[in-house]
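Data file: start-v2.cif. Format and content: mmCIF, C-alpha atoms, pLDDT in the B column; chains and numbers go by the auth columns.
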```cif
data_structure
#
loop_
_atom_site.group_PDB
_atom_site.id
_atom_site.type_symbol
_atom_site.label_atom_id
_atom_site.label_comp_id
_atom_site.label_asym_id
_atom_site.label_seq_id
_atom_site.Cartn_x
_atom_site.Cartn_y
_atom_site.Cartn_z
_atom_site.B_iso_or_equiv
_atom_site.auth_seq_id
_atom_site.auth_asym_id
ATOM 1 C CA MET A 1 -123.769 86.055 -57.996 55.00 1 K
ATOM 2 C CA LYS A 2 -124.780 82.660 -56.619 58.00 2 K
ATOM 3 C CA GLY A 3 -123.572 79.914 -58.943 56.00 3 K
ATOM 4 C CA ASN A 4 -121.327 82.234 -60.950 67.00 4 K
ATOM 5 C CA GLU A 5 -117.656 81.684 -61.650 72.00 5 K
ATOM 6 C CA LEU A 6 -115.473 84.098 -59.678 76.00 6 K
ATOM 7 C CA THR A 7 -112.025 85.303 -60.661 79.00 7 K
ATOM 8 C CA LEU A 8 -109.840 87.697 -58.735 76.00 8 K
ATOM 9 C CA GLY A 9 -107.143 90.145 -59.730 75.00 9 K
ATOM 10 C CA VAL A 10 -104.687 91.832 -57.367 73.00 10 K
ATOM 11 C CA ALA A 11 -103.471 95.416 -57.854 68.00 11 K
ATOM 12 C CA GLY A 12 -99.978 95.425 -59.339 60.00 12 K
ATOM 13 C CA THR A 13 -100.440 92.190 -61.281 65.00 13 K
ATOM 14 C CA SER A 14 -101.645 91.634 -64.847 62.00 14 K
ATOM 15 C CA SER A 15 -103.425 88.320 -64.366 65.00 15 K
ATOM 16 C CA ALA A 16 -106.592 87.084 -62.699 71.00 16 K
ATOM 17 C CA ALA A 17 -107.017 83.716 -60.993 73.00 17 K
ATOM 18 C CA LYS A 18 -110.165 81.654 -60.543 76.00 18 K
ATOM 19 C CA ILE A 19 -111.388 81.582 -56.943 76.00 19 K
ATOM 20 C CA PRO A 20 -112.376 78.131 -55.649 72.00 20 K
ATOM 21 C CA THR A 21 -115.847 78.070 -54.123 72.00 21 K
ATOM 22 C CA PHE A 22 -117.552 75.820 -51.587 68.00 22 K
ATOM 23 C CA PHE A 23 -121.311 76.151 -50.997 65.00 23 K
ATOM 24 C CA ASP A 24 -121.187 79.339 -53.088 66.00 24 K
ATOM 25 C CA VAL A 25 -118.495 80.881 -50.854 75.00 25 K
ATOM 26 C CA GLY A 26 -115.200 81.874 -52.477 75.00 26 K
ATOM 27 C CA PHE A 27 -111.834 81.587 -50.720 75.00 27 K
ATOM 28 C CA TYR A 28 -108.714 83.710 -51.253 72.00 28 K
ATOM 29 C CA ARG A 29 -105.525 83.301 -49.209 71.00 29 K
ATOM 30 C CA GLY A 30 -103.336 86.118 -50.492 72.00 30 K
ATOM 31 C CA VAL A 31 -104.335 88.918 -48.076 74.00 31 K
ATOM 32 C CA SER A 32 -101.318 90.682 -46.569 72.00 32 K
ATOM 33 C CA SER A 33 -101.119 91.487 -42.840 73.00 33 K
ATOM 34 C CA VAL A 34 -98.459 94.186 -43.292 76.00 34 K
ATOM 35 C CA ARG A 35 -99.949 96.299 -46.094 77.00 35 K
ATOM 36 C CA GLY A 36 -103.350 97.010 -47.571 79.00 36 K
ATOM 37 C CA THR A 37 -104.638 94.677 -50.279 77.00 37 K
ATOM 38 C CA SER A 38 -106.572 95.958 -53.319 80.00 38 K
ATOM 39 C CA LEU A 39 -108.604 93.325 -55.132 76.00 39 K
ATOM 40 C CA SER A 40 -110.861 93.246 -58.187 78.00 40 K
ATOM 41 C CA ILE A 41 -113.464 90.471 -58.225 76.00 41 K
ATOM 42 C CA PHE A 42 -115.051 89.432 -61.522 73.00 42 K
ATOM 43 C CA SER A 43 -118.294 87.462 -61.746 71.00 43 K
ATOM 44 C CA THR A 44 -119.399 85.543 -64.839 68.00 44 K
ATOM 45 C CA ALA A 45 -122.084 82.930 -65.530 63.00 45 K
ATOM 46 C CA ASP A 46 -122.305 80.451 -68.403 59.00 46 K
ATOM 47 C CA ASN A 47 -125.925 81.314 -69.180 57.00 47 K
ATOM 48 C CA ALA A 48 -125.818 84.977 -68.208 53.00 48 K
ATOM 49 C CA PHE A 49 -126.885 87.207 -71.078 62.00 49 K
ATOM 50 C CA SER A 50 -125.647 90.346 -69.365 54.00 50 K
ATOM 51 C CA GLY A 51 -121.990 91.269 -69.345 52.00 51 K
ATOM 52 C CA MET A 52 -119.447 90.416 -66.710 57.00 52 K
ATOM 53 C CA SER A 53 -119.731 92.202 -63.363 67.00 53 K
ATOM 54 C CA SER A 54 -116.702 93.507 -61.492 71.00 54 K
ATOM 55 C CA TYR A 55 -116.232 94.791 -57.943 73.00 55 K
ATOM 56 C CA ASP A 56 -113.279 96.547 -56.301 79.00 56 K
ATOM 57 C CA VAL A 57 -112.429 95.678 -52.694 79.00 57 K
ATOM 58 C CA TYR A 58 -109.780 97.196 -50.406 79.00 58 K
ATOM 59 C CA ILE A 59 -108.712 95.314 -47.258 79.00 59 K
ATOM 60 C CA PRO A 60 -106.530 97.374 -44.864 81.00 60 K
ATOM 61 C CA ALA A 61 -103.455 95.930 -43.197 78.00 61 K
ATOM 62 C CA SER A 62 -104.359 94.137 -39.989 76.00 62 K
ATOM 63 C CA LYS A 63 -103.254 91.316 -37.713 74.00 63 K
ATOM 64 C CA ILE A 64 -106.646 89.714 -38.249 71.00 64 K
ATOM 65 C CA ARG A 65 -106.100 86.326 -39.874 64.00 65 K
ATOM 66 C CA GLY A 66 -109.280 86.217 -41.901 69.00 66 K
ATOM 67 C CA TYR A 67 -111.972 88.416 -43.399 69.00 67 K
ATOM 68 C CA VAL A 68 -115.482 87.877 -44.644 73.00 68 K
ATOM 69 C CA VAL A 69 -116.479 90.114 -47.540 71.00 69 K
ATOM 70 C CA ARG A 70 -120.106 90.147 -48.686 69.00 70 K
ATOM 71 C CA ILE A 71 -120.716 91.762 -52.072 66.00 71 K
ATOM 72 C CA GLU A 72 -124.164 92.932 -53.070 63.00 72 K
ATOM 73 C CA ALA A 73 -124.587 92.449 -56.812 63.00 73 K
ATOM 74 C CA ASP A 74 -126.917 94.713 -58.775 67.00 74 K
ATOM 75 C CA GLU A 75 -130.255 93.114 -59.639 75.00 75 K
ATOM 76 C CA VAL A 76 -130.365 93.571 -63.399 82.00 76 K
ATOM 77 C CA TYR A 77 -132.153 91.656 -66.134 89.00 77 K
ATOM 78 C CA ALA A 78 -132.277 91.216 -69.911 92.00 78 K
ATOM 79 C CA VAL A 79 -135.467 91.617 -71.972 95.00 79 K
ATOM 80 C CA SER A 80 -136.391 90.815 -75.568 96.00 80 K
ATOM 81 C CA GLY A 81 -139.520 91.462 -77.609 96.00 81 K
ATOM 82 C CA VAL A 82 -140.832 92.041 -81.130 96.00 82 K
ATOM 83 C CA VAL A 83 -142.294 95.412 -82.124 97.00 83 K
ATOM 84 C CA TYR A 84 -145.454 95.271 -84.223 97.00 84 K
ATOM 85 C CA LEU A 85 -146.920 98.436 -85.677 96.00 85 K
ATOM 86 C CA PRO A 86 -150.674 99.194 -85.491 95.00 86 K
ATOM 87 C CA ASP A 87 -151.182 97.880 -89.058 95.00 87 K
ATOM 88 C CA GLY A 88 -149.701 94.486 -88.136 94.00 88 K
ATOM 89 C CA THR A 89 -146.322 94.977 -89.822 96.00 89 K
ATOM 90 C CA ILE A 90 -143.090 94.812 -87.853 96.00 90 K
ATOM 91 C CA TRP A 91 -140.873 97.750 -86.934 97.00 91 K
ATOM 92 C CA THR A 92 -137.695 96.820 -88.790 95.00 92 K
ATOM 93 C CA ASN A 93 -134.287 98.382 -88.130 94.00 93 K
ATOM 94 C CA GLY A 94 -135.731 100.921 -85.719 95.00 94 K
ATOM 95 C CA ALA A 95 -133.849 102.868 -83.056 96.00 95 K
ATOM 96 C CA SER A 96 -134.904 104.797 -79.960 97.00 96 K
ATOM 97 C CA PRO A 97 -133.689 106.096 -76.614 96.00 97 K
ATOM 98 C CA VAL A 98 -134.953 104.068 -73.645 97.00 98 K
ATOM 99 C CA TYR A 99 -136.924 105.841 -70.916 96.00 99 K
ATOM 100 C CA SER A 100 -137.732 104.860 -67.370 95.00 100 K
ATOM 101 C CA MET A 101 -141.498 105.287 -67.079 93.00 101 K
ATOM 102 C CA LYS A 102 -143.781 105.930 -64.129 89.00 102 K
ATOM 103 C CA GLU A 103 -147.537 106.166 -64.334 79.00 103 K
ATOM 104 C CA GLU A 104 -148.945 109.222 -62.581 75.00 104 K
ATOM 105 C CA GLY A 105 -152.648 108.496 -62.666 69.00 105 K
ATOM 106 C CA CYS A 106 -153.336 107.937 -66.355 68.00 106 K
ATOM 107 C CA ASP A 107 -150.337 110.006 -67.445 79.00 107 K
ATOM 108 C CA ALA A 108 -146.917 108.675 -68.425 80.00 108 K
ATOM 109 C CA ALA A 109 -143.894 110.360 -66.817 87.00 109 K
ATOM 110 C CA LEU A 110 -140.681 109.600 -68.730 92.00 110 K
ATOM 111 C CA THR A 111 -137.060 109.885 -67.599 93.00 111 K
ATOM 112 C CA MET A 112 -134.171 109.396 -70.036 95.00 112 K
ATOM 113 C CA THR A 113 -131.770 106.497 -69.333 95.00 113 K
ATOM 114 C CA ASP A 114 -128.299 105.797 -70.740 93.00 114 K
ATOM 115 C CA LEU A 115 -129.667 102.930 -72.844 95.00 115 K
ATOM 116 C CA TYR A 116 -130.599 102.837 -76.510 96.00 116 K
ATOM 117 C CA LEU A 117 -132.867 100.320 -78.252 96.00 117 K
ATOM 118 C CA PHE A 118 -132.463 98.859 -81.738 96.00 118 K
ATOM 119 C CA SER A 119 -134.821 96.505 -83.586 96.00 119 K
ATOM 120 C CA ASP A 120 -133.447 94.087 -86.193 94.00 120 K
ATOM 121 C CA SER A 121 -134.859 92.968 -89.549 93.00 121 K
ATOM 122 C CA ASP A 122 -137.410 90.814 -87.686 94.00 122 K
ATOM 123 C CA GLY A 123 -138.518 93.683 -85.468 95.00 123 K
ATOM 124 C CA ARG A 124 -136.853 92.125 -82.407 96.00 124 K
ATOM 125 C CA PHE A 125 -135.013 94.137 -79.783 96.00 125 K
ATOM 126 C CA VAL A 126 -132.794 92.989 -76.917 94.00 126 K
ATOM 127 C CA LEU A 127 -131.934 95.074 -73.857 94.00 127 K
ATOM 128 C CA SER A 128 -129.769 94.095 -70.903 88.00 128 K
ATOM 129 C CA ASP A 129 -128.653 95.564 -67.559 85.00 129 K
ATOM 130 C CA LEU A 130 -132.187 96.696 -66.715 91.00 130 K
ATOM 131 C CA GLU A 131 -133.275 97.130 -63.124 91.00 131 K
ATOM 132 C CA PRO A 132 -136.828 96.011 -62.251 93.00 132 K
ATOM 133 C CA GLY A 133 -139.330 98.627 -63.319 94.00 133 K
ATOM 134 C CA THR A 134 -141.244 99.980 -66.311 95.00 134 K
ATOM 135 C CA TYR A 135 -139.497 101.227 -69.449 97.00 135 K
ATOM 136 C CA ALA A 136 -140.608 102.843 -72.701 96.00 136 K
ATOM 137 C CA PHE A 137 -139.288 103.737 -76.148 97.00 137 K
ATOM 138 C CA ASP A 138 -140.307 105.740 -79.235 96.00 138 K
ATOM 139 C CA VAL A 139 -141.649 104.188 -82.436 97.00 139 K
ATOM 140 C CA GLN A 140 -142.185 106.227 -85.582 95.00 140 K
ATOM 141 C CA TYR A 141 -145.319 105.230 -87.501 95.00 141 K
ATOM 142 C CA GLY A 142 -145.745 107.239 -90.669 92.00 142 K
ATOM 143 C CA ASP A 143 -145.793 110.871 -89.578 93.00 143 K
ATOM 144 C CA LYS A 144 -146.776 109.931 -86.002 94.00 144 K
ATOM 145 C CA TRP A 145 -144.825 108.940 -82.905 96.00 145 K
ATOM 146 C CA LEU A 146 -146.000 106.100 -80.666 96.00 146 K
ATOM 147 C CA LEU A 147 -144.870 105.247 -77.140 96.00 147 K
ATOM 148 C CA TYR A 148 -144.269 101.545 -76.359 97.00 148 K
ATOM 149 C CA SER A 149 -143.772 100.372 -72.762 95.00 149 K
ATOM 150 C CA PHE A 150 -142.871 97.109 -71.018 96.00 150 K
ATOM 151 C CA ASP A 151 -142.246 95.883 -67.483 95.00 151 K
ATOM 152 C CA VAL A 152 -139.077 94.257 -66.177 94.00 152 K
ATOM 153 C CA ALA A 153 -139.992 91.800 -63.444 91.00 153 K
ATOM 154 C CA ALA A 154 -137.903 91.082 -60.356 89.00 154 K
ATOM 155 C CA ALA A 155 -137.229 87.332 -60.642 86.00 155 K
ATOM 156 C CA GLU A 156 -134.107 86.217 -58.757 80.00 156 K
ATOM 157 C CA ASP A 157 -134.423 82.644 -60.056 80.00 157 K
ATOM 158 C CA HIS A 158 -134.129 83.972 -63.610 83.00 158 K
ATOM 159 C CA VAL A 159 -131.546 86.713 -63.166 79.00 159 K
ATOM 160 C CA SER A 160 -129.290 85.013 -65.762 80.00 160 K
ATOM 161 C CA ASP A 161 -132.120 84.455 -68.255 88.00 161 K
ATOM 162 C CA ILE A 162 -133.826 86.696 -70.801 92.00 162 K
ATOM 163 C CA GLN A 163 -137.362 87.857 -70.119 94.00 163 K
ATOM 164 C CA MET A 164 -139.298 87.194 -73.324 95.00 164 K
ATOM 165 C CA LEU A 165 -142.151 89.604 -74.082 95.00 165 K
ATOM 166 C CA GLY A 166 -144.277 87.157 -76.016 89.00 166 K
ATOM 167 C CA ALA A 167 -147.395 89.251 -76.505 90.00 167 K
ATOM 168 C CA ILE A 168 -147.972 91.891 -79.157 93.00 168 K
ATOM 169 C CA ALA A 169 -148.087 95.343 -77.575 93.00 169 K
ATOM 170 C CA GLU A 170 -151.655 96.605 -77.278 94.00 170 K
ATOM 171 C CA ASN A 171 -153.206 100.003 -76.653 92.00 171 K
ATOM 172 C CA ALA A 172 -152.343 101.277 -73.187 89.00 172 K
ATOM 173 C CA ASP A 173 -154.741 103.135 -70.930 86.00 173 K
ATOM 174 C CA LEU A 174 -152.387 106.096 -70.728 86.00 174 K
ATOM 175 C CA THR A 175 -152.635 109.760 -71.598 85.00 175 K
ATOM 176 C CA VAL A 176 -149.673 110.855 -73.697 86.00 176 K
ATOM 177 C CA SER A 177 -148.758 114.340 -74.787 87.00 177 K
ATOM 178 C CA ALA A 178 -146.985 115.626 -77.901 86.00 178 K
ATOM 179 C CA PRO A 179 -145.139 114.364 -79.802 90.00 179 K
ATOM 180 C CA TYR A 180 -146.913 111.038 -79.121 93.00 180 K
ATOM 181 C CA ALA A 181 -150.174 110.156 -80.864 93.00 181 K
ATOM 182 C CA ASP A 182 -150.849 106.958 -78.872 94.00 182 K
ATOM 183 C CA ALA A 183 -149.360 104.529 -76.342 94.00 183 K
ATOM 184 C CA TYR A 184 -148.936 100.755 -76.468 96.00 184 K
ATOM 185 C CA GLU A 185 -147.818 98.284 -73.820 95.00 185 K
ATOM 186 C CA TYR A 186 -146.630 94.686 -73.562 96.00 186 K
ATOM 187 C CA SER A 187 -149.086 93.274 -71.043 90.00 187 K
ATOM 188 C CA GLY A 188 -149.023 89.522 -71.740 85.00 188 K
ATOM 189 C CA GLU A 189 -147.364 86.803 -69.684 86.00 189 K
ATOM 190 C CA VAL A 190 -143.560 86.885 -69.647 91.00 190 K
ATOM 191 C CA SER A 191 -141.570 83.697 -70.318 93.00 191 K
ATOM 192 C CA TYR A 192 -137.870 83.064 -69.709 93.00 192 K
ATOM 193 C CA MET A 193 -135.112 81.735 -71.941 91.00 193 K
ATOM 194 C CA ASN A 194 -131.442 81.162 -71.216 88.00 194 K
ATOM 195 C CA GLY A 195 -128.794 82.719 -73.410 85.00 195 K
ATOM 196 C CA THR A 196 -127.901 79.523 -75.286 85.00 196 K
ATOM 197 C CA ASP A 197 -131.497 78.749 -76.261 89.00 197 K
ATOM 198 C CA PHE A 198 -132.088 82.378 -77.188 88.00 198 K
ATOM 199 C CA TRP A 199 -129.204 82.529 -79.650 86.00 199 K
ATOM 200 C CA ASN A 200 -130.158 79.110 -81.056 87.00 200 K
ATOM 201 C CA MET A 201 -133.649 80.511 -81.652 88.00 201 K
ATOM 202 C CA LEU A 202 -132.262 83.517 -83.523 85.00 202 K
ATOM 203 C CA TYR A 203 -129.530 81.615 -85.361 83.00 203 K
ATOM 204 C CA PRO A 204 -130.512 77.914 -85.494 83.00 204 K
ATOM 205 C CA PRO A 205 -127.807 75.337 -86.277 77.00 205 K
ATOM 206 C CA MET A 206 -127.486 74.575 -89.976 64.00 206 K
ATOM 207 C CA GLU A 207 -129.241 71.180 -89.809 61.00 207 K
ATOM 208 C CA VAL A 208 -132.207 72.773 -88.003 56.00 208 K
ATOM 209 C CA ALA A 209 -132.365 75.730 -90.383 52.00 209 K
ATOM 210 C CA VAL A 210 -132.358 73.425 -93.402 48.00 210 K
#
```
Could the structure of this file be written out as structure tokens, please?
Amino acid sequence: MKGNELTLGVAGTSSAAKIPTFFDVGFYRGVSSVRGTSLSIFSTADNAFSGMSSYDVYIPASKIRGYVVRIEADEVYAVSGVVYLPDGTIWTNGASPVYSMKEEGCDAALTMTDLYLFSDSDGRFVLSDLEPGTYAFDVQYGDKWLLYSFDVAAAEDHVSDIQMLGAIAENADLTVSAPYADAYEYSGEVSYMNGTDFWNMLYPPMEVAV
């Protein structure tokens, strides 16, 4: 959460107040010494593509005058890429469940996640809240099913950016079983783009578009 804006809400109230920070440490002075204090801390970043994070903290009543609370934020990332079919056309308006994938030798082992992938009219998909690892999704190609996979890199300096899969997915050296006919993977170099530049790329300002 380093560099993020922090706001804090107290149980029993309907408002949240911004927490002042100094050297990336936030300070709150409303802890009670006679009763427990329940707090909700919200973390947001200007360039963060992922949604706001929230954390619940309970501090018991104590005569201690001060507390230090360290919150471990989940390491999650956003990824975007374009899906090209084997004939060079793009996969427009497609949809698929997202799988967590592990390679067992040359075989692909898939585990269902709670995420779903959609491609737009340009064949582009965007996924957020992904932990580092390898993921895959289904692509229908005629009467066949293809498996596409990509890696999410652990890059703390770019946790608020979008990982751009610039390369066209190519044949993967994987053995897939029915219903898949073949497997493809994004194996090129990943670049990074902040949220503002990403949306300007998709929807350029009028003077740029003209």
Using all atoms listed in the file for the distances, tell me which of K:Val34, K:Leu202, K:Ala153, K:Leu147 is nearest to Ile64 of chain K.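 The answer is K:Val34, which sits nearest to Ile64 of chain K.
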To verify the selection step, state as a list in words which residues the PyMOL selection byres ((chain K and resi 121) around 12) yields on this input. Val82, Val83, Thr89, Ile90, Trp91, Thr92, Asn93, Gly94, Ala95, Phe118, Ser119, Asp120, Asp122, Gly123, Arg124, Phe125 and Leu202 of chain K
Decode the PyMOL selection byres ((chain K and resi 28) around 10) for the given file into explicit residues and return them as a ChimeraX atom specification. /K:8,17-21,26-27,29-31,66-67
How would the residues just picked look written out with C-alpha atoms as a tab-separated table (two decimals), in the coordinates of the input?
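Writing done, so here's part25.tsv:
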```tsv
chain	number	residue	atom	x	y	z
K	8	LEU	CA	-109.84	87.70	-58.74
K	17	ALA	CA	-107.02	83.72	-60.99
K	18	LYS	CA	-110.16	81.65	-60.54
K	19	ILE	CA	-111.39	81.58	-56.94
K	20	PRO	CA	-112.38	78.13	-55.65
K	21	THR	CA	-115.85	78.07	-54.12
K	26	GLY	CA	-115.20	81.87	-52.48
K	27	PHE	CA	-111.83	81.59	-50.72
K	29	ARG	CA	-105.52	83.30	-49.21
K	30	GLY	CA	-103.34	86.12	-50.49
K	31	VAL	CA	-104.34	88.92	-48.08
K	66	GLY	CA	-109.28	86.22	-41.90
K	67	TYR	CA	-111.97	88.42	-43.40
```
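A straight line drawn from atom CA of Lys63 of chain K to atom CA of Thr7 of chain K is 25.3 Å long.
The coordinates place atom CA of Asp114 of chain K at 17.7 Å from atom CA of Ser80 of chain K.
Atom CA of Tyr184 of chain K sits 14.2 Å away from atom CA of Tyr99 of chain K.
Proximity ranking of K:Ser160, K:Ser96, K:Asn200, K:Thr111 relative to Val139 of chain K places K:Ser96 first, based on all atoms listed in the file.
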Using all atoms listed in the file, determine which residues lie at most 7 Å from segment 133-136 of chain K, disregarding the query and same-chain residues fewer than 5 positions distant; provide the list as a PyMOL selection string. chain K and resi 98-102+147-153
Calculated over only C-alpha atoms, which of the candidates K:Tyr192, K:Leu6, K:Ala61, K:Ser128 has the smallest distance to Ile41 of chain K? K:Leu6
Given the PyMOL selection byres ((chain K and resi 185-188) around 7), the residues it picks as a ChimeraX atom specification: /K:148-150,165-172,183-184,189-190
Within 12 Å of (-150.3, 114.8, -78.0), in the coordinates the file gives, what residues turn up when you count all atoms listed in the file, written out as an NGL selection string? :K and (107-108 or 144-147 or 174-183)
As AutoDock Vina command-line options, please report the centre and edge lengths, rounded to one decimal in Å, of the axis-aligned box that holds all listed atoms of segment 182-191 of chain K with 4 Å of padding on each of the six sides.
```
--center_x -146.2 --center_y 95.3 --center_z -74.3 --size_x 17.3 --size_y 31.3 --size_z 17.2
```
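Between Phe42 of chain K and the candidates K:Glu104, K:Asp138, K:Asp143, K:Glu5, the tightest atom-to-atom separation, counting all atoms listed in the file, involves K:Glu5.
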Name the residues in contact with Pro60 of chain K at a cut-off of 7 Å, using all atoms listed in the file, excluding same-chain residues fewer than 6 positions from it; report them as a PyMOL selection string. chain K and resi 35-37
